[in-house]
Amino acid sequence: MFKNKLLLLSPIIALAVIFIFSLTMIPSVNPTPENLPIAIVNEDQGVDIPNLGKLNMGKTMVENIHKASKTSSDQEPAVKWVNVNNYKDAQDGLNNQEYYAALVIPKNFSEKQASLKTPNPTSPEIQILVNQGMNTMGSTMASQMLSGIVDNMNNNVRTQLLEGFEKQGGTLTAKQASSLVSPITKKVTNVNETGTNSANGNSPVSLFQPLWMASIAGAAIVFTVINKLVFANRTEKFVTRFVQVLVGAVLALVAGFGLTWLADGMIGLRIPQFTDTALFLSITYFSFFLMISAVLSWLGFKGIPIFVITLFFGAPLLAMPPELMSSFYSNWIYSWLPMRFMVEGLRELLFFGKGLSWNHPIAVLVGIGVVSLVVLMGSVLKSDSKAVVES
C-alpha cells in the first residue's frame, strides 16, 4: 500500500489543490478601486456678490474634486471623474452603464450657499445618483465615496461659517444655528434599482452557478450516452452529433424556463420580464452546452475539470466590478470568462428594463455557440478506435 505512487503523491496533490483554489480568494481580499467611473454634473449658475463679483461655488467644488483625485504618475486614481454637461446626459450615461454613480450640483447651489451667511439661510442640496443595477459592490463603493465628499464639504463650510460669525461678533438666529448642523444637504437617489431585497443585486451571479453546473451535467450525460455507441461510418457519427445538438436545444429550453420559474416563483428573485429572461437563459445554456460538448468530443472526460475550475475562479470575479480587480485578473481571467456575458445580459434584463434584443452579450454568446458547434461537428473527422476494433 505504502509503495503506491498515487498515495505517495497525495500530500503534493492536496497542497496543489489548496494552492489552486486559494488563488480564487485573491481578487476579493482588500479590493482597491482604480479609475472607477463617476459622473459629475455642474449646473451651478453662480451668484453675484457685492465687491467680489460673480462666484461659482459649483465650479470651485469640481476643481477641488479633480485636484484631490490626482495621484503620482505611476499610480492610477481611485475614481475616474467624468464631467457631464447636464442632468439628462448623466442619466443617459447611467442607463447605458457608463457610470457607477453621478454627483449633480444644481443651478442655485452658489446662491443658496451664499444665503448661509444671512439671517434666513437656505441649505444648498447636492444630488447623488447611485447606479445600483450596474454592480452592487461598485455602486455601493461609489455612493460611499460621494457621501464622504459631501460630508467633508460640510465640515469645511461649517468651519468657515463659524469663523465668519465669530469675526462678526453677532448672535446666531435659530435658522442659522440649525443650518450649521448640515450646511449642505445631500439627496441620494437609486437609479436602475435592484429591489428592496439586497440579494437581488447579485441575482445575475446567483443564477449563473446553477445554469453553469446544469450545462456541465447535461453535456456530460449526453456525451456518456454517445461515447458508448459504435459507428459504422462518419455519416452515422455526423447524424449522432446533430441529434446531440437537438437534445442540447431541448435541454436549454427546459433549463432556461425552469430556472426562471424557480427564481421568480420559489426563490423570490425579482424577474420583471419572465419570457425574455427565460429565453436569454436558454440561449446561454445552449451556448455553454455546445462549448462543453465540443471540448468533451476531443478531450473526453479529461475536459470536465476545466469547467469546474472555471466556476471556482469565475464566481468571485463576476460579483466584482472590473475596476476593483488587479490588471492580471481583469485582463487575463475576467475578460476571457464566457459566463460574464451571461451576467451582463441579465443585468440589462433585470435592472435596466431592456428586453431581449441583439446586443453585445447575446452576440458573444451566439458567437461562442457557433464556434463550439463547428468544433463539435469537426470531431466527426477524428478517428474512432472503437470503430476500428469492430471492423
# chains A, B, ... in the order shown; residues from 1 in each chain; ligands from 1
>>> closest_atom_pairs(of="segment 275-297 of chain A", to="segment 364-379 of chain A", cutoff="10 Å", atoms="only C-alpha atoms", output="tab-separated table")
residue	atom	partner	partner_atom	distance
A:Phe280	CA	A:Leu365	CA	9.9
A:Ile283	CA	A:Leu365	CA	7.6
A:Thr284	CA	A:Leu365	CA	6.4
A:Tyr285	CA	A:Leu365	CA	9.5
A:Phe286	CA	A:Gly369	CA	7.2
A:Ser287	CA	A:Gly369	CA	4.3
A:Phe288	CA	A:Gly369	CA	7.2
A:Phe289	CA	A:Gly369	CA	8.3
A:Leu290	CA	A:Ser372	CA	5.5
A:Met291	CA	A:Ser372	CA	4.8
A:Ile292	CA	A:Ser372	CA	8.1
A:Ser293	CA	A:Leu376	CA	6.8
A:Ala294	CA	A:Leu376	CA	4.3
A:Val295	CA	A:Leu376	CA	7.7
A:Leu296	CA	A:Leu376	CA	8.7
A:Ser297	CA	A:Ser379	CA	6.2
>>> residues_around(residues="Trp332 of chain A", least_positions_apart="6", cutoff="12 Å", atoms="only C-alpha atoms", output="PyMOL selection string")
chain A and resi 313-314+317+322+325-326
>>> write_last_selection(atoms="N, CA and C atoms", output="PDB file, in the first residue's frame")
ATOM      1  N   PHE A 313     -12.981  29.912 -10.222  1.00  0.00           N
ATOM      2  CA  PHE A 313     -12.256  31.150 -10.479  1.00  0.00           C
ATOM      3  C   PHE A 313     -13.187  32.273 -10.912  1.00  0.00           C
ATOM      4  N   GLY A 314     -14.240  31.899 -11.650  1.00  0.00           N
ATOM      5  CA  GLY A 314     -15.111  32.924 -12.211  1.00  0.00           C
ATOM      6  C   GLY A 314     -16.106  33.508 -11.247  1.00  0.00           C
ATOM      7  N   LEU A 317     -15.173  36.672  -9.290  1.00  0.00           N
ATOM      8  CA  LEU A 317     -14.924  37.816 -10.155  1.00  0.00           C
ATOM      9  C   LEU A 317     -16.209  38.408 -10.712  1.00  0.00           C
ATOM     10  N   PRO A 322     -14.891  45.357 -12.710  1.00  0.00           N
ATOM     11  CA  PRO A 322     -13.513  45.204 -13.201  1.00  0.00           C
ATOM     12  C   PRO A 322     -12.554  46.232 -12.607  1.00  0.00           C
ATOM     13  N   MET A 325     -10.475  44.967  -9.692  1.00  0.00           N
ATOM     14  CA  MET A 325      -9.580  43.832  -9.893  1.00  0.00           C
ATOM     15  C   MET A 325      -8.176  44.318 -10.239  1.00  0.00           C
ATOM     16  N   SER A 326      -7.214  43.462  -9.986  1.00  0.00           N
ATOM     17  CA  SER A 326      -5.865  43.755 -10.438  1.00  0.00           C
ATOM     18  C   SER A 326      -5.833  43.628 -11.956  1.00  0.00           C
TER      19      SER A 326
END
>>> closest_residue(among="A:Gly258, A:Glu111, A:Glu63, A:Ala214", to="Val47 of chain A", atoms="only C-alpha atoms")
A:Glu111
>>> residues_around(residues="Leu129 of chain A", least_positions_apart="5", cutoff="12 Å", atoms="only C-alpha atoms", output="compact mmCIF listing (two decimals) with all heavy atoms, in the first residue's frame")
# COMPACT_ATOMS: atom_id res chain seq x y z
N ILE A 38 -17.21 57.82 -12.37
CA ILE A 38 -18.30 58.53 -11.69
C ILE A 38 -18.51 59.85 -12.42
O ILE A 38 -17.56 60.59 -12.67
CB ILE A 38 -17.98 58.80 -10.21
CG1 ILE A 38 -17.79 57.47 -9.46
CG2 ILE A 38 -19.08 59.62 -9.55
CD1 ILE A 38 -17.42 57.64 -7.99
N ALA A 39 -19.75 60.13 -12.78
CA ALA A 39 -20.07 61.38 -13.48
C ALA A 39 -20.21 62.52 -12.50
O ALA A 39 -20.63 62.34 -11.36
CB ALA A 39 -21.36 61.21 -14.28
N ILE A 40 -19.84 63.70 -12.93
CA ILE A 40 -20.01 64.90 -12.12
C ILE A 40 -20.64 65.98 -12.99
O ILE A 40 -20.13 66.29 -14.08
CB ILE A 40 -18.67 65.35 -11.49
CG1 ILE A 40 -18.89 66.54 -10.57
CG2 ILE A 40 -17.61 65.64 -12.54
CD1 ILE A 40 -17.68 66.82 -9.69
N VAL A 41 -21.76 66.51 -12.55
CA VAL A 41 -22.53 67.50 -13.31
C VAL A 41 -22.57 68.80 -12.53
O VAL A 41 -23.02 68.84 -11.38
CB VAL A 41 -23.97 67.00 -13.55
CG1 VAL A 41 -24.74 68.02 -14.40
CG2 VAL A 41 -23.98 65.64 -14.21
N TYR A 87 -27.95 67.15 -16.35
CA TYR A 87 -28.57 66.03 -15.63
C TYR A 87 -29.01 64.93 -16.59
O TYR A 87 -28.82 63.75 -16.31
CB TYR A 87 -29.75 66.56 -14.82
CG TYR A 87 -30.46 65.51 -14.00
CD1 TYR A 87 -30.11 65.30 -12.66
CD2 TYR A 87 -31.49 64.73 -14.53
CE1 TYR A 87 -30.76 64.35 -11.90
CE2 TYR A 87 -32.13 63.77 -13.78
CZ TYR A 87 -31.77 63.59 -12.46
OH TYR A 87 -32.41 62.64 -11.72
N LYS A 88 -29.60 65.32 -17.72
CA LYS A 88 -30.11 64.33 -18.67
C LYS A 88 -28.99 63.46 -19.23
O LYS A 88 -29.14 62.24 -19.35
CB LYS A 88 -30.86 65.02 -19.81
CG LYS A 88 -31.48 64.04 -20.81
CD LYS A 88 -32.18 64.75 -21.94
CE LYS A 88 -32.82 63.74 -22.91
NZ LYS A 88 -31.83 62.79 -23.45
N ALA A 90 -26.21 62.80 -17.81
CA ALA A 90 -25.76 61.92 -16.73
C ALA A 90 -26.70 60.73 -16.58
O ALA A 90 -26.26 59.59 -16.41
CB ALA A 90 -25.67 62.70 -15.42
N GLN A 91 -28.01 61.00 -16.65
CA GLN A 91 -29.00 59.94 -16.55
C GLN A 91 -28.85 58.94 -17.69
O GLN A 91 -28.92 57.72 -17.49
CB GLN A 91 -30.41 60.53 -16.55
CG GLN A 91 -31.53 59.53 -16.33
CD GLN A 91 -31.56 58.99 -14.92
OE1 GLN A 91 -31.68 59.76 -13.96
NE2 GLN A 91 -31.46 57.68 -14.77
N ASP A 92 -28.61 59.45 -18.90
CA ASP A 92 -28.41 58.57 -20.05
C ASP A 92 -27.16 57.70 -19.86
O ASP A 92 -27.15 56.51 -20.20
CB ASP A 92 -28.28 59.39 -21.33
CG ASP A 92 -29.60 60.05 -21.74
OD1 ASP A 92 -30.65 59.61 -21.26
OD2 ASP A 92 -29.55 61.02 -22.52
N GLY A 93 -26.11 58.30 -19.32
CA GLY A 93 -24.88 57.55 -19.08
C GLY A 93 -25.07 56.46 -18.04
O GLY A 93 -24.53 55.35 -18.16
N LEU A 94 -25.86 56.75 -17.02
CA LEU A 94 -26.16 55.74 -16.01
C LEU A 94 -26.96 54.59 -16.61
O LEU A 94 -26.70 53.42 -16.33
CB LEU A 94 -26.94 56.36 -14.85
CG LEU A 94 -26.18 57.39 -14.00
CD1 LEU A 94 -27.14 58.12 -13.06
CD2 LEU A 94 -25.08 56.72 -13.18
N ASN A 95 -27.93 54.92 -17.46
CA ASN A 95 -28.75 53.89 -18.10
C ASN A 95 -27.94 53.05 -19.08
O ASN A 95 -28.29 51.89 -19.33
CB ASN A 95 -29.93 54.53 -18.83
CG ASN A 95 -30.93 55.15 -17.86
OD1 ASN A 95 -31.02 54.76 -16.70
ND2 ASN A 95 -31.69 56.12 -18.33
N TYR A 99 -21.43 54.84 -15.90
CA TYR A 99 -21.01 55.35 -14.60
C TYR A 99 -21.67 54.55 -13.49
O TYR A 99 -22.81 54.10 -13.61
CB TYR A 99 -21.40 56.83 -14.42
CG TYR A 99 -21.23 57.68 -15.65
CD1 TYR A 99 -22.32 58.32 -16.25
CD2 TYR A 99 -19.97 57.86 -16.24
CE1 TYR A 99 -22.17 59.11 -17.37
CE2 TYR A 99 -19.82 58.64 -17.37
CZ TYR A 99 -20.93 59.26 -17.94
OH TYR A 99 -20.78 60.02 -19.07
N TYR A 100 -20.92 54.40 -12.38
CA TYR A 100 -21.48 53.73 -11.21
C TYR A 100 -22.33 54.69 -10.37
O TYR A 100 -23.17 54.25 -9.59
CB TYR A 100 -20.36 53.16 -10.34
CG TYR A 100 -19.69 51.96 -10.96
CD1 TYR A 100 -18.52 52.10 -11.70
CD2 TYR A 100 -20.23 50.69 -10.82
CE1 TYR A 100 -17.90 51.00 -12.27
CE2 TYR A 100 -19.62 49.58 -11.39
CZ TYR A 100 -18.45 49.76 -12.12
OH TYR A 100 -17.84 48.66 -12.70
N ALA A 101 -22.09 55.99 -10.54
CA ALA A 101 -22.85 56.98 -9.80
C ALA A 101 -22.63 58.35 -10.46
O ALA A 101 -21.80 58.49 -11.37
CB ALA A 101 -22.42 57.02 -8.33
N ALA A 102 -23.39 59.33 -9.98
CA ALA A 102 -23.25 60.68 -10.51
C ALA A 102 -23.45 61.68 -9.37
O ALA A 102 -24.31 61.47 -8.50
CB ALA A 102 -24.24 60.94 -11.63
N LEU A 103 -22.67 62.75 -9.40
CA LEU A 103 -22.79 63.85 -8.44
C LEU A 103 -23.33 65.05 -9.20
O LEU A 103 -22.70 65.52 -10.15
CB LEU A 103 -21.43 64.17 -7.82
CG LEU A 103 -21.40 65.25 -6.75
CD1 LEU A 103 -22.05 64.74 -5.47
CD2 LEU A 103 -19.96 65.69 -6.46
N VAL A 104 -24.49 65.55 -8.79
CA VAL A 104 -25.16 66.63 -9.51
C VAL A 104 -25.22 67.87 -8.63
O VAL A 104 -25.79 67.85 -7.53
CB VAL A 104 -26.59 66.23 -9.93
CG1 VAL A 104 -27.25 67.35 -10.72
CG2 VAL A 104 -26.56 64.94 -10.76
N ILE A 105 -24.61 68.96 -9.12
CA ILE A 105 -24.64 70.26 -8.42
C ILE A 105 -25.70 71.12 -9.09
O ILE A 105 -25.60 71.41 -10.28
CB ILE A 105 -23.26 70.94 -8.50
CG1 ILE A 105 -22.17 70.01 -7.95
CG2 ILE A 105 -23.27 72.26 -7.73
CD1 ILE A 105 -20.76 70.51 -8.16
N SER A 139 -21.35 50.18 -7.16
CA SER A 139 -22.25 51.30 -6.89
C SER A 139 -22.24 51.66 -5.40
O SER A 139 -22.33 52.83 -5.04
CB SER A 139 -23.67 50.96 -7.34
OG SER A 139 -24.18 49.83 -6.66
N THR A 140 -22.13 50.66 -4.53
CA THR A 140 -22.06 50.92 -3.09
C THR A 140 -20.80 51.70 -2.74
O THR A 140 -20.83 52.65 -1.97
CB THR A 140 -22.10 49.60 -2.30
OG1 THR A 140 -23.32 48.91 -2.58
CG2 THR A 140 -22.01 49.87 -0.81
N ALA A 142 -19.06 53.62 -4.81
CA ALA A 142 -19.19 54.96 -5.38
C ALA A 142 -20.07 55.83 -4.50
O ALA A 142 -19.78 57.01 -4.28
CB ALA A 142 -19.76 54.87 -6.79
N SER A 143 -21.16 55.27 -4.00
CA SER A 143 -22.06 56.01 -3.12
C SER A 143 -21.36 56.45 -1.85
O SER A 143 -21.53 57.60 -1.39
CB SER A 143 -23.29 55.15 -2.78
OG SER A 143 -24.14 55.81 -1.88
N GLN A 144 -20.57 55.56 -1.28
CA GLN A 144 -19.84 55.90 -0.06
C GLN A 144 -18.81 57.00 -0.32
O GLN A 144 -18.63 57.90 0.51
CB GLN A 144 -19.16 54.65 0.50
CG GLN A 144 -20.13 53.60 1.02
CD GLN A 144 -19.45 52.30 1.39
OE1 GLN A 144 -18.30 52.05 1.03
NE2 GLN A 144 -20.16 51.43 2.11
N LEU A 146 -18.96 59.39 -2.65
CA LEU A 146 -19.64 60.67 -2.86
C LEU A 146 -20.21 61.21 -1.56
O LEU A 146 -20.17 62.42 -1.31
CB LEU A 146 -20.75 60.49 -3.90
CG LEU A 146 -20.29 60.16 -5.32
CD1 LEU A 146 -21.48 60.00 -6.26
CD2 LEU A 146 -19.36 61.24 -5.85
N SER A 147 -20.75 60.33 -0.73
CA SER A 147 -21.26 60.77 0.57
C SER A 147 -20.13 61.34 1.42
O SER A 147 -20.30 62.34 2.13
CB SER A 147 -21.94 59.61 1.30
OG SER A 147 -23.11 59.20 0.63
N LYS A 186 -27.64 66.45 1.22
CA LYS A 186 -27.46 65.53 0.09
C LYS A 186 -28.71 64.70 -0.08
O LYS A 186 -29.33 64.25 0.88
CB LYS A 186 -26.23 64.64 0.30
CG LYS A 186 -26.29 63.78 1.55
CD LYS A 186 -24.99 63.03 1.75
CE LYS A 186 -25.03 62.27 3.08
NZ LYS A 186 -23.76 61.61 3.39
N LYS A 187 -29.06 64.51 -1.33
CA LYS A 187 -30.22 63.68 -1.67
C LYS A 187 -29.71 62.50 -2.49
O LYS A 187 -29.24 62.66 -3.61
CB LYS A 187 -31.25 64.48 -2.47
CG LYS A 187 -32.47 63.67 -2.88
CD LYS A 187 -33.43 64.51 -3.72
CE LYS A 187 -34.63 63.68 -4.16
NZ LYS A 187 -35.55 64.48 -5.04
N VAL A 188 -29.81 61.32 -1.92
CA VAL A 188 -29.32 60.11 -2.57
C VAL A 188 -30.49 59.41 -3.26
O VAL A 188 -31.50 59.10 -2.62
CB VAL A 188 -28.66 59.16 -1.56
CG1 VAL A 188 -28.15 57.91 -2.28
CG2 VAL A 188 -27.52 59.86 -0.83
N THR A 189 -30.35 59.21 -4.56
CA THR A 189 -31.39 58.55 -5.35
C THR A 189 -30.81 57.33 -6.05
O THR A 189 -29.78 57.42 -6.73
CB THR A 189 -31.97 59.51 -6.41
OG1 THR A 189 -32.45 60.69 -5.77
CG2 THR A 189 -33.10 58.85 -7.17
N ASN A 190 -31.45 56.19 -5.86
CA ASN A 190 -31.02 54.97 -6.54
C ASN A 190 -31.70 54.88 -7.90
O ASN A 190 -32.93 54.99 -8.00
CB ASN A 190 -31.38 53.74 -5.71
CG ASN A 190 -30.61 53.67 -4.41
OD1 ASN A 190 -29.44 54.05 -4.34
ND2 ASN A 190 -31.25 53.18 -3.35
N VAL A 191 -30.92 54.69 -8.94
CA VAL A 191 -31.47 54.51 -10.29
C VAL A 191 -31.17 53.09 -10.74
O VAL A 191 -30.22 52.46 -10.27
CB VAL A 191 -30.88 55.54 -11.28
CG1 VAL A 191 -31.24 56.95 -10.86
CG2 VAL A 191 -29.37 55.41 -11.38
N ASN A 192 -32.00 52.60 -11.66
CA ASN A 192 -31.89 51.21 -12.11
C ASN A 192 -31.82 50.28 -10.89
O ASN A 192 -30.90 49.47 -10.74
CB ASN A 192 -30.67 51.02 -13.00
CG ASN A 192 -30.71 51.94 -14.21
OD1 ASN A 192 -31.70 52.01 -14.92
ND2 ASN A 192 -29.62 52.65 -14.45
N GLU A 193 -32.83 50.44 -10.03
CA GLU A 193 -32.81 49.78 -8.74
C GLU A 193 -32.84 48.26 -8.85
O GLU A 193 -33.42 47.69 -9.77
CB GLU A 193 -34.00 50.26 -7.90
CG GLU A 193 -33.93 51.73 -7.54
CD GLU A 193 -35.10 52.17 -6.68
OE1 GLU A 193 -35.03 51.96 -5.45
OE2 GLU A 193 -36.07 52.71 -7.23
>>> closest_residue(among="A:Lys228, A:Lys175, A:Lys382, A:Lys54", to="Thr118 of chain A", atoms="only C-alpha atoms")
A:Lys175
>>> atom_distance(atom1="atom CA of Leu350 of chain A", atom2="atom CA of Pro272 of chain A")
6.3 Å
>>> select_by_dssp(residues="segment 94-223 of chain A", states="helix (DSSP H, G or I)", output="PyMOL selection string")
chain A and resi 94-95+109-115+136-168+174-181+198-223
>>> select_by_dssp(residues="segment 59-113 of chain A", states="strand (DSSP E)", output="ChimeraX atom specification")
/A:79-84,101-105
>>> write_last_selection(atoms="C-alpha atoms", output="PDB file, in the first residue's frame")
ATOM      1  CA  VAL A  79     -12.005  57.484  -9.299  1.00  0.00           C
ATOM      2  CA  LYS A  80     -12.235  58.492 -12.917  1.00  0.00           C
ATOM      3  CA  TRP A  81     -14.271  61.706 -12.762  1.00  0.00           C
ATOM      4  CA  VAL A  82     -16.216  62.341 -15.946  1.00  0.00           C
ATOM      5  CA  ASN A  83     -17.516  65.884 -16.496  1.00  0.00           C
ATOM      6  CA  VAL A  84     -21.040  65.732 -17.906  1.00  0.00           C
ATOM      7  CA  ALA A 101     -22.850  56.984  -9.796  1.00  0.00           C
ATOM      8  CA  ALA A 102     -23.247  60.682 -10.509  1.00  0.00           C
ATOM      9  CA  LEU A 103     -22.794  63.849  -8.441  1.00  0.00           C
ATOM     10  CA  VAL A 104     -25.161  66.631  -9.510  1.00  0.00           C
ATOM     11  CA  ILE A 105     -24.635  70.256  -8.423  1.00  0.00           C
TER      12      ILE A 105
END
>>> closest_residue(among="A:Lys67, A:Gly195, A:Val222, A:Thr260", to="Thr240 of chain A", atoms="only C-alpha atoms")
A:Val222
>>> residues_around(residues="Pro119 of chain A", least_positions_apart="6", cutoff="12 Å", atoms="only C-alpha atoms", output="MDAnalysis selection string")
chainID A and resid 165 170:179
>>> write_last_selection(atoms="N, CA, C and O atoms", output="PDB file, in the first residue's frame")
ATOM      1  N   PHE A 165     -18.941  84.048  11.557  1.00  0.00           N
ATOM      2  CA  PHE A 165     -19.849  84.550  12.593  1.00  0.00           C
ATOM      3  C   PHE A 165     -19.063  85.052  13.810  1.00  0.00           C
ATOM      4  O   PHE A 165     -19.440  86.039  14.451  1.00  0.00           O
ATOM      5  N   GLY A 170     -21.596  88.597  16.192  1.00  0.00           N
ATOM      6  CA  GLY A 170     -23.044  88.663  16.350  1.00  0.00           C
ATOM      7  C   GLY A 170     -23.609  87.348  16.845  1.00  0.00           C
ATOM      8  O   GLY A 170     -22.929  86.329  16.904  1.00  0.00           O
ATOM      9  N   THR A 171     -24.866  87.395  17.273  1.00  0.00           N
ATOM     10  CA  THR A 171     -25.551  86.181  17.712  1.00  0.00           C
ATOM     11  C   THR A 171     -26.189  85.497  16.509  1.00  0.00           C
ATOM     12  O   THR A 171     -26.535  86.141  15.509  1.00  0.00           O
ATOM     13  N   LEU A 172     -26.358  84.204  16.620  1.00  0.00           N
ATOM     14  CA  LEU A 172     -26.942  83.425  15.541  1.00  0.00           C
ATOM     15  C   LEU A 172     -28.452  83.335  15.704  1.00  0.00           C
ATOM     16  O   LEU A 172     -28.969  83.206  16.818  1.00  0.00           O
ATOM     17  N   THR A 173     -29.146  83.414  14.593  1.00  0.00           N
ATOM     18  CA  THR A 173     -30.586  83.173  14.603  1.00  0.00           C
ATOM     19  C   THR A 173     -30.822  81.665  14.709  1.00  0.00           C
ATOM     20  O   THR A 173     -29.897  80.864  14.522  1.00  0.00           O
ATOM     21  N   ALA A 174     -32.067  81.290  15.001  1.00  0.00           N
ATOM     22  CA  ALA A 174     -32.390  79.872  15.116  1.00  0.00           C
ATOM     23  C   ALA A 174     -32.148  79.150  13.798  1.00  0.00           C
ATOM     24  O   ALA A 174     -31.658  78.016  13.771  1.00  0.00           O
ATOM     25  N   LYS A 175     -32.476  79.814  12.670  1.00  0.00           N
ATOM     26  CA  LYS A 175     -32.266  79.202  11.366  1.00  0.00           C
ATOM     27  C   LYS A 175     -30.786  79.040  11.058  1.00  0.00           C
ATOM     28  O   LYS A 175     -30.362  78.034  10.479  1.00  0.00           O
ATOM     29  N   GLN A 176     -29.983  80.041  11.461  1.00  0.00           N
ATOM     30  CA  GLN A 176     -28.541  79.937  11.219  1.00  0.00           C
ATOM     31  C   GLN A 176     -27.925  78.797  12.027  1.00  0.00           C
ATOM     32  O   GLN A 176     -27.095  78.046  11.532  1.00  0.00           O
ATOM     33  N   ALA A 177     -28.342  78.679  13.284  1.00  0.00           N
ATOM     34  CA  ALA A 177     -27.828  77.604  14.130  1.00  0.00           C
ATOM     35  C   ALA A 177     -28.235  76.241  13.585  1.00  0.00           C
ATOM     36  O   ALA A 177     -27.448  75.284  13.590  1.00  0.00           O
ATOM     37  N   SER A 178     -29.468  76.148  13.074  1.00  0.00           N
ATOM     38  CA  SER A 178     -29.945  74.887  12.505  1.00  0.00           C
ATOM     39  C   SER A 178     -29.184  74.518  11.235  1.00  0.00           C
ATOM     40  O   SER A 178     -28.880  73.347  10.999  1.00  0.00           O
ATOM     41  N   SER A 179     -28.851  75.541  10.435  1.00  0.00           N
ATOM     42  CA  SER A 179     -28.152  75.272   9.176  1.00  0.00           C
ATOM     43  C   SER A 179     -26.723  74.796   9.398  1.00  0.00           C
ATOM     44  O   SER A 179     -26.132  74.155   8.520  1.00  0.00           O
TER      45      SER A 179
END
>>> closest_residue(among="A:Ser330, A:Val130, A:Pro305, A:Leu161", to="Glu34 of chain A", atoms="only C-alpha atoms")
A:Ser330
